[in-house]
file work.cif (mmCIF, C-alpha atoms)
data_run
#
loop_
_atom_site.label_atom_id
_atom_site.label_comp_id
_atom_site.auth_asym_id
_atom_site.auth_seq_id
_atom_site.Cartn_x
_atom_site.Cartn_y
_atom_site.Cartn_z
CA MET A 1 17.00 -17.72 18.38
CA PRO A 2 14.88 -19.78 20.81
CA LEU A 3 11.74 -18.20 22.25
CA PRO A 4 12.08 -17.58 25.99
CA ALA A 5 9.18 -18.88 28.08
CA ASP A 6 8.95 -15.86 30.37
CA ALA A 7 11.45 -13.16 29.57
CA ASP A 8 12.03 -9.48 29.03
CA TRP A 9 10.55 -9.56 25.55
CA SER A 10 11.61 -6.02 24.66
CA ALA A 11 15.25 -6.89 25.42
CA TRP A 12 14.90 -10.18 23.54
CA LEU A 13 13.50 -8.40 20.48
CA GLU A 14 16.17 -5.71 20.62
CA SER A 15 18.87 -8.38 20.78
CA GLY A 16 17.40 -10.01 17.66
CA VAL A 17 17.28 -6.66 15.87
CA MET A 18 20.95 -6.08 16.71
CA SER A 19 21.83 -9.53 15.31
CA ALA A 20 20.01 -8.70 12.06
CA HIS A 21 21.74 -5.31 11.95
CA ARG A 22 25.21 -6.85 12.29
CA ALA A 23 24.40 -9.46 9.63
CA VAL A 24 23.33 -6.79 7.12
CA GLU A 25 26.33 -4.60 8.00
CA ALA A 26 28.58 -7.56 7.21
CA LEU A 27 27.20 -7.58 3.64
CA ALA A 28 28.50 -4.07 2.95
CA ILE A 29 31.28 -3.74 0.41
CA PRO A 30 34.05 -1.38 1.65
CA GLY A 31 33.80 1.98 -0.12
CA GLU A 32 30.27 1.27 -1.34
CA ALA A 33 28.33 4.54 -1.61
CA THR A 34 25.04 3.02 -0.49
CA PRO A 35 25.43 0.09 1.88
CA PRO A 36 22.64 -2.50 2.06
CA GLY A 37 19.81 -1.80 4.47
CA THR A 38 16.24 -2.66 5.26
CA THR A 39 13.39 -1.78 7.56
CA LEU A 40 12.12 -4.16 10.20
CA LEU A 41 8.86 -4.80 12.01
CA TRP A 42 8.70 -7.75 14.39
CA ALA A 43 5.81 -8.87 16.58
CA VAL A 44 5.51 -11.62 19.18
CA ALA A 45 2.10 -12.25 20.71
CA ARG A 46 1.80 -14.32 23.90
CA GLY A 47 -1.21 -14.42 26.14
CA ASP A 48 -2.71 -10.95 26.51
CA THR A 49 0.33 -8.97 25.29
CA CYS A 50 1.95 -8.33 21.93
CA TRP A 51 5.56 -7.09 21.95
CA MET A 52 6.96 -5.29 18.93
CA ALA A 53 10.25 -4.02 17.53
CA HIS A 54 10.30 -1.35 14.81
CA VAL A 55 13.06 0.16 12.66
CA GLY A 56 12.39 2.38 9.64
CA ASP A 57 9.08 3.02 7.91
CA SER A 58 7.30 -0.31 7.98
CA ARG A 59 4.04 0.13 9.88
CA ALA A 60 1.93 -1.64 12.48
CA TYR A 61 -1.77 -1.05 13.07
CA LEU A 62 -4.12 -2.46 15.70
CA VAL A 63 -7.75 -3.00 14.75
CA ARG A 64 -10.00 -3.31 17.79
CA GLY A 65 -13.77 -3.04 17.74
CA GLY A 66 -13.75 -1.84 14.12
CA ARG A 67 -11.36 1.05 14.89
CA VAL A 68 -7.82 1.14 13.52
CA SER A 69 -4.98 2.69 15.51
CA PRO A 70 -1.47 3.20 14.15
CA LEU A 71 1.14 1.72 16.49
CA THR A 72 4.27 3.00 14.76
CA VAL A 73 5.49 6.30 13.40
CA ASP A 74 7.96 6.31 10.50
CA MET A 75 11.61 6.93 11.31
CA THR A 76 11.82 9.82 8.84
CA PRO A 77 11.96 13.61 9.24
CA ALA A 78 8.20 13.69 8.53
CA GLY A 79 7.63 11.00 11.14
CA GLU A 80 9.62 12.99 13.67
CA ARG A 81 7.26 15.94 13.19
CA VAL A 82 4.32 13.59 13.74
CA ARG A 83 5.98 12.09 16.83
CA ASN A 84 6.50 15.60 18.26
CA GLY A 85 2.86 16.56 17.65
CA ARG A 86 3.63 19.18 15.01
CA GLU A 87 1.82 17.33 12.20
CA PRO A 88 -1.06 14.83 11.96
CA TRP A 89 -0.26 11.14 11.51
CA HIS A 90 -1.14 11.04 7.78
CA HIS A 91 1.50 13.77 7.11
CA GLN A 92 4.05 10.97 6.74
CA ASN A 93 2.34 9.90 3.50
CA THR A 94 2.48 13.29 1.78
CA ALA A 95 5.57 15.09 3.11
CA SER A 96 8.43 15.64 0.69
CA ASP A 97 10.84 14.08 3.21
CA GLY A 98 8.52 11.21 4.13
CA HIS A 99 10.74 8.72 2.30
CA VAL A 100 14.05 9.75 3.89
CA LEU A 101 14.92 7.11 6.50
CA VAL A 102 16.87 8.22 9.56
CA SER A 103 17.34 4.61 10.69
CA ALA A 104 17.49 1.23 8.97
CA ILE A 105 18.88 -2.22 9.65
CA GLY A 106 22.46 -2.22 8.30
CA SER A 107 23.13 1.51 8.54
CA ALA A 108 24.08 3.89 11.32
CA PRO A 109 22.68 5.24 13.45
CA LEU A 110 20.42 2.33 14.35
CA LEU A 111 17.33 3.42 16.27
CA VAL A 112 15.20 0.59 17.63
CA GLU A 113 11.73 1.18 19.01
CA THR A 114 10.36 -1.60 21.22
CA PHE A 115 6.95 -1.51 22.87
CA SER A 116 4.03 -3.68 23.88
CA VAL A 117 0.27 -3.46 23.44
CA ASP A 118 -2.62 -5.23 25.08
CA TRP A 119 -3.67 -8.17 22.93
CA VAL A 120 -7.30 -9.19 23.47
CA ALA A 121 -9.70 -11.58 21.76
CA GLY A 122 -10.98 -10.07 18.53
CA ASP A 123 -7.92 -7.86 17.95
CA VAL A 124 -6.25 -7.79 14.56
CA LEU A 125 -2.64 -6.70 14.14
CA ILE A 126 -1.59 -5.51 10.69
CA LEU A 127 2.10 -5.37 9.79
CA THR A 128 3.00 -3.72 6.48
CA SER A 129 6.11 -2.72 4.62
CA ASP A 130 6.40 0.82 3.29
CA GLY A 131 4.96 -0.30 -0.04
CA LEU A 132 1.49 -0.10 1.56
CA ASN A 133 1.93 3.21 3.40
CA ALA A 134 -0.42 5.04 1.03
CA LEU A 135 -3.40 2.85 1.93
CA PRO A 136 -5.68 5.05 4.11
CA LEU A 137 -6.18 4.01 7.74
CA ALA A 138 -9.96 4.02 7.38
CA GLN A 139 -9.82 1.26 4.75
CA TRP A 140 -8.21 -1.42 6.94
CA PRO A 141 -11.27 -2.41 9.05
CA CYS A 142 -13.45 -2.62 5.93
CA LEU A 143 -10.86 -4.72 4.08
CA LEU A 144 -10.49 -7.11 6.99
CA HIS A 145 -14.24 -7.43 7.48
CA SER A 146 -14.80 -8.00 3.77
CA GLY A 147 -12.44 -10.95 3.75
CA ALA A 148 -10.32 -9.36 1.01
CA SER A 149 -7.36 -11.50 0.01
CA VAL A 150 -3.78 -10.29 0.32
CA ASP A 151 -3.67 -9.95 -3.49
CA GLN A 152 -6.79 -7.77 -3.43
CA ILE A 153 -5.36 -5.56 -0.68
CA LEU A 154 -2.04 -5.24 -2.52
CA GLY A 155 -3.95 -4.20 -5.64
CA LEU A 156 -5.57 -1.23 -3.89
CA THR A 157 -2.46 0.90 -3.77
CA THR A 158 0.44 1.83 -5.99
CA TRP A 159 3.65 0.53 -4.52
CA SER A 160 7.11 1.05 -5.87
CA ASP A 161 9.78 -0.92 -4.05
CA ASN A 162 8.09 -3.62 -2.03
CA ALA A 163 4.83 -4.63 -0.46
CA THR A 164 4.59 -7.07 2.41
CA LEU A 165 1.48 -7.67 4.50
CA VAL A 166 1.05 -9.80 7.61
CA VAL A 167 -2.29 -10.01 9.43
CA MET A 168 -2.44 -11.55 12.92
CA ARG A 169 -5.84 -12.27 14.46
CA HIS A 170 -6.36 -12.98 18.16
CA ALA A 171 -8.92 -15.76 18.50
#
call {"tool": "encode", "arguments": {"input": "work.cif", "output": "structure tokens"}}
result
Amino acid sequence: MPLPADADWSAWLESGVMSAHRAVEALAIPGEATPPGTTLLWAVARGDTCWMAHVGDSRAYLVRGGRVSPLTVDMTPAGERVRNGREPWHHQNTASDGHVLVSAIGSAPLLVETFSVDWVAGDVLILTSDGLNALPLAQWPCLLHSGASVDQILGLTTWSDNATLVVMRHA
């Protein structure tokens, strides 16, 4: 999918998410009890803005001035309570239903969250799969400042199904 020079990035991202969704749906075997599915976190940074698309429980964090802010809330029952202000953000990590996805690429219903954030010099964007959800928010600025390698960061938490980490720095 070519990158548009000046476009409605949220619509562009959502179109890409829908393409991925249809591709994963096409992999399903008729009558299969558990069809294939995955979470998705997609970021495009251009100029002073970063646009994002989110499905599932992969997470995005923005580190600015040494402070880390979560940008996404898990698409789980626990995440819904956080989103509605009934629980604190870290509740997603400890709730008994924190692992129950209500949306994923390849399964219905598909919920896609698109949004943008200001992207300024010195910012760091962290994109993680759910395998790193247990890593406390407060550790990210220290890890980034320490120059820890991806392997070192991955070694700080117990992960079960997958662990993916992408770090984007704005020069």
call {"tool": "atom_distance", "arguments": {"input": "work.cif", "atom1": "atom CA of A:His99", "atom2": "atom CA of A:Glu87"}}
result
15.9 Å
call {"tool": "residues_around", "arguments": {"input": "work.cif", "residues": "A:His145", "least_positions_apart": "2", "cutoff": "12 Å", "atoms": "only C-alpha atoms", "output": "compact mmCIF listing (two decimals) with C-alpha atoms, in the coordinates of the input"}}
result
# COMPACT_ATOMS: atom_id res chain seq x y z
CA VAL A 63 -7.75 -3.00 14.75
CA ARG A 64 -10.00 -3.31 17.79
CA GLY A 65 -13.77 -3.04 17.74
CA GLY A 66 -13.75 -1.84 14.12
CA ARG A 67 -11.36 1.05 14.89
CA GLY A 122 -10.98 -10.07 18.53
CA VAL A 124 -6.25 -7.79 14.56
CA GLN A 139 -9.82 1.26 4.75
CA TRP A 140 -8.21 -1.42 6.94
CA PRO A 141 -11.27 -2.41 9.05
CA CYS A 142 -13.45 -2.62 5.93
CA LEU A 143 -10.86 -4.72 4.08
CA GLY A 147 -12.44 -10.95 3.75
CA ALA A 148 -10.32 -9.36 1.01
CA SER A 149 -7.36 -11.50 0.01
CA ARG A 169 -5.84 -12.27 14.46
call {"tool": "atom_distance", "arguments": {"input": "work.cif", "atom1": "atom CA of A:His91", "atom2": "atom CA of A:Asp130"}}
result
14.4 Å
call {"tool": "atom_distance", "arguments": {"input": "work.cif", "atom1": "atom CA of A:Ile153", "atom2": "atom CA of A:Ser58"}}
result
16.2 Å
call {"tool": "closest_residue", "arguments": {"input": "work.cif", "among": "A:Ala104, A:Leu135, A:Leu41, A:Met75", "to": "A:Val24", "atoms": "all atoms listed in the file"}}
result
A:Ala104
call {"tool": "resolve_selection", "arguments": {"input": "work.cif", "expression": "the PyMOL selection byres ((chain A and resi 25) around 9)", "output": "number ranges by chain"}}
result
A: 20-24, 26-28, 35-37, 105-107
call {"tool": "closest_residue", "arguments": {"input": "work.cif", "among": "A:Arg86, A:Thr114, A:Gln92, A:Leu62", "to": "A:Ile126", "atoms": "all atoms listed in the file"}}
result
A:Leu62
call {"tool": "closest_residue", "arguments": {"input": "work.cif", "among": "A:His90, A:His54, A:Arg81, A:His170", "to": "A:Thr38", "atoms": "only C-alpha atoms"}}
result
A:His54
call {"tool": "resolve_selection", "arguments": {"input": "work.cif", "expression": "the PyMOL selection byres ((chain A and resi 118) around 10)", "output": "compact mmCIF listing (two decimals) with C-alpha atoms, in the frame of the given file"}}
result
# COMPACT_ATOMS: atom_id res chain seq x y z
CA ALA A 45 2.10 -12.25 20.71
CA GLY A 47 -1.21 -14.42 26.14
CA ASP A 48 -2.71 -10.95 26.51
CA THR A 49 0.33 -8.97 25.29
CA CYS A 50 1.95 -8.33 21.93
CA TRP A 51 5.56 -7.09 21.95
CA LEU A 62 -4.12 -2.46 15.70
CA SER A 116 4.03 -3.68 23.88
CA VAL A 117 0.27 -3.46 23.44
CA TRP A 119 -3.67 -8.17 22.93
CA VAL A 120 -7.30 -9.19 23.47
CA ASP A 123 -7.92 -7.86 17.95
call {"tool": "resolve_selection", "arguments": {"input": "work.cif", "expression": "the PyMOL selection byres ((chain A and resi 73) around 8)", "output": "list in words"}}
result
Asp57, Arg59, Pro70, Leu71, Thr72, Asp74, Met75, Gly79, Glu80, Val82, Arg83 and Trp89 of chain A
